[in-house]
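Pasted below: structure30.cif, mmCIF, C-alpha atoms and all ligand atoms.
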```cif
data_coords
#
loop_
_atom_site.group_PDB
_atom_site.id
_atom_site.type_symbol
_atom_site.label_atom_id
_atom_site.label_comp_id
_atom_site.auth_asym_id
_atom_site.auth_seq_id
_atom_site.Cartn_x
_atom_site.Cartn_y
_atom_site.Cartn_z
ATOM 1 C CA MET A 1 132.823 50.973 120.037
ATOM 2 C CA LEU A 2 132.239 54.096 122.135
ATOM 3 C CA ASP A 3 129.589 52.111 124.019
ATOM 4 C CA LYS A 4 132.344 49.817 125.291
ATOM 5 C CA LEU A 5 133.877 52.606 127.384
ATOM 6 C CA PRO A 6 133.286 52.556 131.134
ATOM 7 C CA SER A 7 130.838 55.160 132.445
ATOM 8 C CA LEU A 8 132.246 58.646 133.018
ATOM 9 C CA SER A 9 131.969 58.208 136.791
ATOM 10 C CA GLU A 10 133.997 55.014 136.540
ATOM 11 C CA THR A 11 136.596 56.787 134.402
ATOM 12 C CA VAL A 12 136.872 59.573 136.967
ATOM 13 C CA ARG A 13 137.306 56.969 139.730
ATOM 14 C CA GLN A 14 139.720 54.810 137.740
ATOM 15 C CA TYR A 15 142.118 57.685 137.045
ATOM 16 C CA GLY A 16 141.542 59.549 140.330
ATOM 17 C CA LEU A 17 140.380 62.709 138.544
ATOM 18 C CA GLY A 18 139.570 65.064 141.412
ATOM 19 C CA ALA A 19 138.516 68.566 140.391
ATOM 20 C CA ASN A 20 141.111 71.331 140.380
ATOM 21 C CA LYS A 21 139.214 74.551 141.156
ATOM 22 C CA ARG A 22 142.037 76.738 139.860
ATOM 23 C CA LEU A 23 141.339 75.346 136.367
ATOM 24 C CA GLY A 24 137.581 75.861 136.697
ATOM 25 C CA GLN A 25 136.914 72.132 136.788
ATOM 26 C CA HIS A 26 133.252 71.210 137.205
ATOM 27 C CA PHE A 27 132.424 68.044 135.319
ATOM 28 C CA LEU A 28 129.280 67.039 133.488
ATOM 29 C CA LEU A 29 128.964 63.335 134.155
ATOM 30 C CA ASP A 30 125.347 63.070 132.964
ATOM 31 C CA MET A 31 125.519 62.076 129.315
ATOM 32 C CA ASN A 32 121.912 63.206 128.757
ATOM 33 C CA ILE A 33 123.151 66.771 129.163
ATOM 34 C CA THR A 34 126.315 66.362 127.104
ATOM 35 C CA ASP A 35 124.232 64.678 124.357
ATOM 36 C CA LYS A 36 121.838 67.642 124.448
ATOM 37 C CA ILE A 37 124.760 70.069 123.988
ATOM 38 C CA ALA A 38 126.174 68.010 121.108
ATOM 39 C CA ARG A 39 122.754 67.946 119.385
ATOM 40 C CA LEU A 40 122.793 71.751 119.243
ATOM 41 C CA ALA A 41 125.836 71.540 116.980
ATOM 42 C CA LEU A 42 124.223 69.145 114.461
ATOM 43 C CA PRO A 43 124.821 68.369 111.675
ATOM 44 C CA LEU A 44 128.368 67.283 112.463
ATOM 45 C CA GLU A 45 129.063 64.604 109.835
ATOM 46 C CA ASP A 46 131.161 66.924 107.724
ATOM 47 C CA CYS A 47 132.660 68.966 110.540
ATOM 48 C CA HIS A 48 135.833 69.246 112.509
ATOM 49 C CA VAL A 49 134.906 70.111 116.098
ATOM 50 C CA ALA A 50 137.295 71.913 118.432
ATOM 51 C CA GLU A 51 136.378 71.038 121.988
ATOM 52 C CA ILE A 52 137.991 73.184 124.657
ATOM 53 C CA GLY A 53 138.641 71.705 128.086
ATOM 54 C CA PRO A 54 137.282 68.156 127.602
ATOM 55 C CA GLY A 55 138.205 67.066 131.140
ATOM 56 C CA PRO A 56 137.213 63.394 131.524
ATOM 57 C CA GLY A 57 135.547 63.511 128.103
ATOM 58 C CA GLY A 58 131.752 63.490 128.537
ATOM 59 C CA LEU A 59 131.043 66.051 125.824
ATOM 60 C CA THR A 60 133.814 64.490 123.732
ATOM 61 C CA ARG A 61 131.987 61.169 123.756
ATOM 62 C CA SER A 62 128.708 62.884 122.851
ATOM 63 C CA LEU A 63 130.272 64.778 119.932
ATOM 64 C CA LEU A 64 131.752 61.564 118.550
ATOM 65 C CA LYS A 65 128.476 59.685 119.066
ATOM 66 C CA SER A 66 126.666 62.486 117.232
ATOM 67 C CA GLY A 67 128.738 61.727 114.163
ATOM 68 C CA ALA A 68 131.420 64.443 114.148
ATOM 69 C CA ALA A 69 133.879 63.677 111.367
ATOM 70 C CA VAL A 70 136.820 64.731 113.549
ATOM 71 C CA VAL A 71 137.079 66.106 117.085
ATOM 72 C CA THR A 72 140.194 67.871 118.341
ATOM 73 C CA VAL A 73 140.248 68.450 122.085
ATOM 74 C CA ILE A 74 142.488 70.996 123.786
ATOM 75 C CA GLU A 75 143.065 70.281 127.469
ATOM 76 C CA MET A 76 145.497 71.992 129.798
ATOM 77 C CA ASP A 77 145.462 69.453 132.616
ATOM 78 C CA GLU A 78 147.547 66.425 131.691
ATOM 79 C CA ARG A 79 145.780 64.227 134.269
ATOM 80 C CA PHE A 80 142.948 63.833 131.742
ATOM 81 C CA LEU A 81 145.129 62.563 128.907
ATOM 82 C CA PRO A 82 144.828 58.815 129.716
ATOM 83 C CA ALA A 83 141.005 59.035 129.878
ATOM 84 C CA LEU A 84 140.963 60.957 126.590
ATOM 85 C CA LYS A 85 143.331 58.443 125.027
ATOM 86 C CA ASP A 86 140.888 55.652 125.979
ATOM 87 C CA ILE A 87 138.229 57.494 123.957
ATOM 88 C CA ALA A 88 140.629 58.056 121.057
ATOM 89 C CA ASP A 89 141.378 54.312 120.985
ATOM 90 C CA VAL A 90 137.742 53.489 120.197
ATOM 91 C CA SER A 91 137.044 56.459 117.942
ATOM 92 C CA ASP A 92 138.203 55.162 114.540
ATOM 93 C CA ASN A 93 140.883 57.842 114.418
ATOM 94 C CA ARG A 94 138.311 60.602 114.785
ATOM 95 C CA LEU A 95 139.748 62.088 117.985
ATOM 96 C CA SER A 96 142.966 64.009 118.307
ATOM 97 C CA ILE A 97 144.262 65.437 121.555
ATOM 98 C CA ILE A 98 146.228 68.630 122.098
ATOM 99 C CA LYS A 99 147.695 69.170 125.558
ATOM 100 C CA GLY A 100 147.912 72.914 126.055
ATOM 101 C CA ASP A 101 146.364 76.232 126.961
ATOM 102 C CA ALA A 102 143.488 76.939 124.576
ATOM 103 C CA LEU A 103 144.144 80.663 125.012
ATOM 104 C CA LYS A 104 147.505 80.151 123.334
ATOM 105 C CA VAL A 105 146.648 77.524 120.712
ATOM 106 C CA ASP A 106 145.978 78.903 117.229
ATOM 107 C CA ILE A 107 142.903 76.741 116.667
ATOM 108 C CA GLY A 108 142.275 77.879 113.095
ATOM 109 C CA THR A 109 145.778 76.875 112.029
ATOM 110 C CA GLN A 110 145.822 73.654 114.056
ATOM 111 C CA LEU A 111 142.549 72.383 112.604
ATOM 112 C CA GLY A 112 143.226 73.444 109.024
ATOM 113 C CA THR A 113 140.691 74.301 106.360
ATOM 114 C CA GLU A 114 139.716 70.848 105.109
ATOM 115 C CA ARG A 115 136.383 70.826 106.954
ATOM 116 C CA PRO A 116 134.068 73.455 108.444
ATOM 117 C CA ILE A 117 135.066 74.050 112.075
ATOM 118 C CA LYS A 118 132.641 74.147 114.984
ATOM 119 C CA ILE A 119 133.627 74.949 118.558
ATOM 120 C CA ALA A 120 131.954 73.156 121.457
ATOM 121 C CA ALA A 121 132.795 73.480 125.125
ATOM 122 C CA ASN A 122 131.765 73.502 128.724
ATOM 123 C CA LEU A 123 134.119 76.405 129.344
ATOM 124 C CA PRO A 124 136.100 77.042 132.503
ATOM 125 C CA TYR A 125 134.348 80.032 134.134
ATOM 126 C CA ASN A 126 137.519 81.959 134.799
ATOM 127 C CA VAL A 127 138.626 82.226 131.161
ATOM 128 C CA GLY A 128 135.386 81.667 129.209
ATOM 129 C CA THR A 129 134.776 85.307 128.296
ATOM 130 C CA LYS A 130 138.380 85.818 127.270
ATOM 131 C CA MET A 131 138.216 82.785 124.984
ATOM 132 C CA LEU A 132 134.979 84.024 123.423
ATOM 133 C CA ILE A 133 136.495 87.457 122.702
ATOM 134 C CA ASN A 134 139.514 85.742 121.107
ATOM 135 C CA TRP A 135 137.230 83.732 118.816
ATOM 136 C CA LEU A 136 135.050 86.746 117.944
ATOM 137 C CA THR A 137 138.102 88.764 116.953
ATOM 138 C CA ALA A 138 139.870 85.948 115.077
ATOM 139 C CA ASP A 139 140.922 87.080 111.633
ATOM 140 C CA PRO A 140 139.954 85.264 109.532
ATOM 141 C CA LEU A 141 136.965 84.021 111.499
ATOM 142 C CA PHE A 142 137.876 80.340 111.269
ATOM 143 C CA TRP A 143 134.736 78.816 112.795
ATOM 144 C CA GLN A 144 131.267 78.176 111.474
ATOM 145 C CA GLN A 145 129.405 77.793 114.767
ATOM 146 C CA ALA A 146 130.092 77.749 118.501
ATOM 147 C CA VAL A 147 128.048 75.909 121.136
ATOM 148 C CA LEU A 148 129.335 77.074 124.492
ATOM 149 C CA MET A 149 128.406 76.600 128.127
ATOM 150 C CA PHE A 150 129.044 79.586 130.373
ATOM 151 C CA GLN A 151 128.182 80.674 133.861
ATOM 152 C CA LYS A 152 124.503 81.669 133.488
ATOM 153 C CA GLU A 153 125.097 85.389 134.094
ATOM 154 C CA VAL A 154 127.695 85.472 131.306
ATOM 155 C CA ALA A 155 125.341 83.633 128.938
ATOM 156 C CA PHE A 156 122.645 86.242 129.680
ATOM 157 C CA ARG A 157 125.151 89.022 129.002
ATOM 158 C CA ILE A 158 125.926 87.581 125.554
ATOM 159 C CA VAL A 159 122.325 87.369 124.336
ATOM 160 C CA ALA A 160 120.799 90.442 126.055
ATOM 161 C CA GLY A 161 119.230 93.258 124.066
ATOM 162 C CA PRO A 162 118.625 96.978 124.782
ATOM 163 C CA GLY A 163 116.653 97.631 127.948
ATOM 164 C CA ASP A 164 117.820 94.405 129.587
ATOM 165 C CA PRO A 165 119.995 94.925 132.683
ATOM 166 C CA ASN A 166 122.407 92.305 131.275
ATOM 167 C CA TYR A 167 122.897 94.286 128.060
ATOM 168 C CA GLY A 168 126.423 95.658 127.799
ATOM 169 C CA ARG A 169 129.796 95.414 126.130
ATOM 170 C CA LEU A 170 129.742 91.616 125.741
ATOM 171 C CA ALA A 171 126.313 91.661 124.038
ATOM 172 C CA VAL A 172 127.325 94.420 121.613
ATOM 173 C CA LEU A 173 130.587 92.698 120.675
ATOM 174 C CA SER A 174 129.054 89.221 120.362
ATOM 175 C CA GLN A 175 126.033 90.398 118.385
ATOM 176 C CA SER A 176 128.221 92.466 116.060
ATOM 177 C CA VAL A 177 129.757 89.225 114.830
ATOM 178 C CA CYS A 178 127.166 86.531 115.480
ATOM 179 C CA GLU A 179 123.567 85.697 115.900
ATOM 180 C CA CYS A 180 123.459 84.636 119.541
ATOM 181 C CA ARG A 181 120.792 82.589 121.255
ATOM 182 C CA LEU A 182 120.342 81.036 124.660
ATOM 183 C CA ALA A 183 119.675 77.327 124.209
ATOM 184 C CA PHE A 184 119.067 76.021 127.736
ATOM 185 C CA GLU A 185 120.059 76.428 131.352
ATOM 186 C CA VAL A 186 121.852 73.827 133.449
ATOM 187 C CA PRO A 187 121.508 73.973 137.239
ATOM 188 C CA ALA A 188 124.661 73.852 139.347
ATOM 189 C CA SER A 189 123.516 70.522 140.806
ATOM 190 C CA CYS A 190 124.167 68.811 137.441
ATOM 191 C CA PHE A 191 127.941 69.278 137.813
ATOM 192 C CA SER A 192 130.458 67.400 139.864
ATOM 193 C CA PRO A 193 131.485 69.163 142.025
ATOM 194 C CA PRO A 194 128.598 71.671 141.826
ATOM 195 C CA PRO A 195 129.786 75.248 141.208
ATOM 196 C CA LYS A 196 128.301 78.163 143.191
ATOM 197 C CA VAL A 197 126.291 79.369 140.183
ATOM 198 C CA ASP A 198 124.084 77.904 137.459
ATOM 199 C CA SER A 199 125.202 77.574 133.841
ATOM 200 C CA ALA A 200 123.617 78.041 130.424
ATOM 201 C CA VAL A 201 124.435 77.043 126.865
ATOM 202 C CA VAL A 202 124.681 79.667 124.134
ATOM 203 C CA VAL A 203 124.739 79.034 120.377
ATOM 204 C CA LEU A 204 126.670 81.547 118.268
ATOM 205 C CA ASP A 205 126.235 81.552 114.490
ATOM 206 C CA PRO A 206 128.557 84.000 112.697
ATOM 207 C CA LEU A 207 126.755 86.551 110.525
ATOM 208 C CA PRO A 208 127.536 86.572 106.797
ATOM 209 C CA ALA A 209 131.001 88.108 106.328
ATOM 210 C CA ASP A 210 129.687 91.395 104.885
ATOM 211 C CA GLN A 211 127.404 91.908 107.900
ATOM 212 C CA ARG A 212 130.040 91.367 110.582
ATOM 213 C CA PHE A 213 131.298 94.536 112.192
ATOM 214 C CA PRO A 214 135.018 94.759 111.461
ATOM 215 C CA ASN A 215 136.437 97.030 114.169
ATOM 216 C CA LEU A 216 135.755 95.197 117.426
ATOM 217 C CA LYS A 217 138.724 96.820 119.153
ATOM 218 C CA ARG A 218 137.273 100.303 118.885
ATOM 219 C CA LEU A 219 133.746 99.033 119.474
ATOM 220 C CA GLY A 220 135.096 97.513 122.692
ATOM 221 C CA GLU A 221 136.589 100.845 123.676
ATOM 222 C CA ILE A 222 133.325 102.745 123.119
ATOM 223 C CA THR A 223 131.143 100.183 124.857
ATOM 224 C CA GLN A 224 133.585 99.982 127.755
ATOM 225 C CA ALA A 225 133.339 103.750 128.236
ATOM 226 C CA ALA A 226 129.545 103.794 127.845
ATOM 227 C CA PHE A 227 128.689 100.786 130.013
ATOM 228 C CA GLY A 228 131.521 101.411 132.482
ATOM 229 C CA GLN A 229 129.243 104.177 133.791
ATOM 230 C CA ARG A 230 125.928 102.687 132.706
ATOM 231 C CA ARG A 231 123.773 104.964 134.842
ATOM 232 C CA LYS A 232 125.360 108.062 133.371
ATOM 233 C CA MET A 233 124.098 109.827 130.265
ATOM 234 C CA LEU A 234 126.193 109.353 127.151
ATOM 235 C CA ARG A 235 127.205 113.019 127.126
ATOM 236 C CA LYS A 236 129.146 112.241 130.297
ATOM 237 C CA SER A 237 130.379 108.679 129.758
ATOM 238 C CA LEU A 238 131.526 109.159 126.146
ATOM 239 C CA LYS A 239 133.260 112.480 126.757
ATOM 240 C CA PRO A 240 136.720 110.891 127.249
ATOM 241 C CA VAL A 241 136.351 108.956 123.960
ATOM 242 C CA ALA A 242 135.390 112.124 122.085
ATOM 243 C CA THR A 243 138.344 113.947 123.604
ATOM 244 C CA LYS A 244 140.734 111.119 122.732
ATOM 245 C CA TYR A 245 139.702 111.213 119.079
ATOM 246 C CA GLY A 246 139.509 115.022 118.869
ATOM 247 C CA LEU A 247 135.741 115.034 118.246
ATOM 248 C CA SER A 248 133.079 117.440 119.384
ATOM 249 C CA LEU A 249 130.868 115.222 121.530
ATOM 250 C CA GLU A 250 127.676 116.997 120.458
ATOM 251 C CA ASP A 251 128.538 116.735 116.744
ATOM 252 C CA TRP A 252 129.582 113.109 117.047
ATOM 253 C CA LEU A 253 126.413 112.031 118.840
ATOM 254 C CA GLY A 254 124.287 114.237 116.573
ATOM 255 C CA GLU A 255 125.784 112.687 113.439
ATOM 256 C CA CYS A 256 124.770 109.286 114.784
ATOM 257 C CA GLY A 257 121.245 110.416 115.694
ATOM 258 C CA ILE A 258 121.860 109.866 119.407
ATOM 259 C CA GLU A 259 120.538 112.159 122.136
ATOM 260 C CA PRO A 260 123.274 113.226 124.587
ATOM 261 C CA THR A 261 120.858 112.496 127.445
ATOM 262 C CA GLN A 262 120.405 108.831 126.461
ATOM 263 C CA ARG A 263 121.890 106.085 128.587
ATOM 264 C CA PRO A 264 123.817 103.207 127.009
ATOM 265 C CA GLU A 265 121.262 100.479 127.670
ATOM 266 C CA ALA A 266 118.794 102.272 125.373
ATOM 267 C CA LEU A 267 121.061 102.079 122.318
ATOM 268 C CA GLU A 268 120.724 99.316 119.726
ATOM 269 C CA VAL A 269 123.857 97.392 118.728
ATOM 270 C CA GLU A 270 123.790 99.254 115.386
ATOM 271 C CA ALA A 271 123.948 102.617 117.176
ATOM 272 C CA PHE A 272 127.202 101.609 118.887
ATOM 273 C CA GLN A 273 128.533 100.447 115.523
ATOM 274 C CA LYS A 274 127.608 103.811 114.025
ATOM 275 C CA LEU A 275 129.419 105.655 116.818
ATOM 276 C CA CYS A 276 132.442 103.550 116.060
ATOM 277 C CA SER A 277 132.325 103.984 112.265
ATOM 278 C CA SER A 278 131.931 107.737 112.481
ATOM 279 C CA ILE A 279 135.276 108.192 114.208
ATOM 280 C CA PRO A 280 137.374 109.249 111.252
ATOM 281 C CA GLN A 281 140.769 107.839 112.149
ATOM 282 C CA ALA A 282 142.938 106.516 114.956
ATOM 283 C CA PRO A 283 144.709 109.173 117.037
ATOM 284 C CA ALA A 284 148.246 109.997 115.987
HETATM 285 N N1 LIG B 301 134.261 69.400 129.412
HETATM 286 C C1 LIG B 301 134.343 68.789 130.734
HETATM 287 C C2 LIG B 301 132.961 68.515 131.261
HETATM 288 O O1 LIG B 301 132.002 69.105 130.725
HETATM 289 O O2 LIG B 301 132.835 67.700 132.171
HETATM 290 C C3 LIG B 301 135.134 69.661 131.712
HETATM 291 C C4 LIG B 301 134.616 71.067 131.855
HETATM 292 S S1 LIG B 301 135.426 72.018 133.112
HETATM 293 C C5 LIG B 301 134.207 73.251 133.386
HETATM 294 C C6 LIG B 301 136.649 72.963 132.233
HETATM 295 C C7 LIG B 301 137.802 72.184 131.633
HETATM 296 O O3 LIG B 301 138.662 73.101 130.952
HETATM 297 C C8 LIG B 301 138.685 71.465 132.633
HETATM 298 O O4 LIG B 301 138.956 70.166 132.152
HETATM 299 C C9 LIG B 301 139.985 72.286 132.673
HETATM 300 O O5 LIG B 301 141.130 71.526 132.976
HETATM 301 C C10 LIG B 301 140.025 72.827 131.268
HETATM 302 N N2 LIG B 301 140.749 74.090 131.116
HETATM 303 C C11 LIG B 301 140.798 75.143 131.976
HETATM 304 N N3 LIG B 301 141.505 76.149 131.452
HETATM 305 C C12 LIG B 301 141.918 75.735 130.227
HETATM 306 C C13 LIG B 301 142.695 76.326 129.195
HETATM 307 N N4 LIG B 301 143.176 77.550 129.309
HETATM 308 N N5 LIG B 301 142.933 75.607 128.083
HETATM 309 C C14 LIG B 301 142.444 74.349 127.939
HETATM 310 N N6 LIG B 301 141.693 73.741 128.880
HETATM 311 C C15 LIG B 301 141.445 74.422 130.009
#
```
Written form, structure tokens:
Amino acid sequence: MLDKLPSLSETVRQYGLGANKRLGQHFLLDMNITDKIARLALPLEDCHVAEIGPGPGGLTRSLLKSGAAVVTVIEMDERFLPALKDIADVSDNRLSIIKGDALKVDIGTQLGTERPIKIAANLPYNVGTKMLINWLTADPLFWQQAVLMFQKEVAFRIVAGPGDPNYGRLAVLSQSVCECRLAFEVPASCFSPPPKVDSAVVVLDPLPADQRFPNLKRLGEITQAAFGQRRKMLRKSLKPVATKYGLSLEDWLGECGIEPTQRPEALEVEAFQKLCSSIPQAPA
């Protein structure tokens, strides 16, 4: 039945769906690419997929074609609702549509616990990182996998390791919760309208619960201080954190086996976690 839908380009024309830059709208109208993204999330037969920002519905169609048991899309721009409804009408009740701001929707509660949840999205550039941080810090972690398209630089910052210039706060936070891998890059020319930068798809698989680092808030604080002055040695950049928590900087770093002269990009993710865990308690 999905094959009976008009092409995405026709849908865009039919409903006059011009891109609104304020909402980060750059559409993927080439179903070869949306199919490739959906394949990364396989198997989907048993899963409930949350798709953020479906726009005219290219990835939505691919997720349904790939056999997702249920897809719930969350779209802020009501202009897309008729095109999404057309897909819902031929989806055997497998598509539900939420009109709203995905930053405010409690996805875990909305989708329930009946099926494993996967998140798939070609994310709006302006809020993509914020959404990822929300999902990484969700308690409980309600999702089983996320397949997400970001601006290429952001994708690199999620998967980077020590020594890589892209390694920083986002890598440490993401890799403290998930195994993260870069799947493929998508040139700007594949989007309509083309953005100024290229994109890339990242796959995030949550680590087993007992291996996920629990205190992302404090880990964020430490990595922010360390990478906020990434050329500085840790004895300088982490001084304010030590002061805030009433620690001797030398003792704190020493306890974690870290040289005060090291720079943040040399530290493994586990070293940042250790710095975080060795802070005894929150300040009064
Ligand atoms: N998935 C479509 C595609 O690949 O062609 C559209 C992707 S476009 C980069 C981002 C989409 O996210 C747009 O449809 C936009 O309206 C929507 N969007 C932007 N901010 C949003 C938010 N906070 N909550 C839900 N959707 C949002």
Selection result of the PyMOL selection byres (((not hetatm)) within 8 of (chain B and resi 301)) on this file, as an NGL selection string: :A and (20 or 23-29 or 34 or 51-60 or 74-77 or 80 or 99-104 or 121-127 or 191)
Expected answer as number ranges by chain: all residues with atoms within 12 Å of (129.3, 116.5, 119.2), only C-alpha atoms: A: 234-236, 238-239, 241-243, 245-260, 275, 278-279
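Minimum atom-to-atom distance to A:Ile97, evaluated using only C-alpha atoms, belongs to A:Thr72 out of A:Thr72, A:Ser66, A:Thr129, A:Asn32.
Going from atom CA of A:Thr109 over to atom CA of A:Asn93, you cover 19.8 Å.
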Target residues per the PyMOL selection byres (((chain A and resi 221-223) around 8) and not hetatm), formatted as a VMD selection string: chain A and resid 168 to 169 172 217 to 220 224 to 228 238 241 272 275 to 276
Given all atoms listed in the file as the counted atoms, nearest of A:Val71, A:Asp139, A:Leu84, A:Glu78 to A:Arg115: A:Val71
Selection near A:Arg39, 12 Å with only C-alpha atoms, sequence-local residues under 6 positions removed, as a list in words: Met31, Asn32, Ile33, Glu45, Leu59, Ser62, Leu63, Leu64, Lys65, Ser66, Gly67, Ala68, Ala120, Val147, Ala183, Val201 and Val203 of chain A
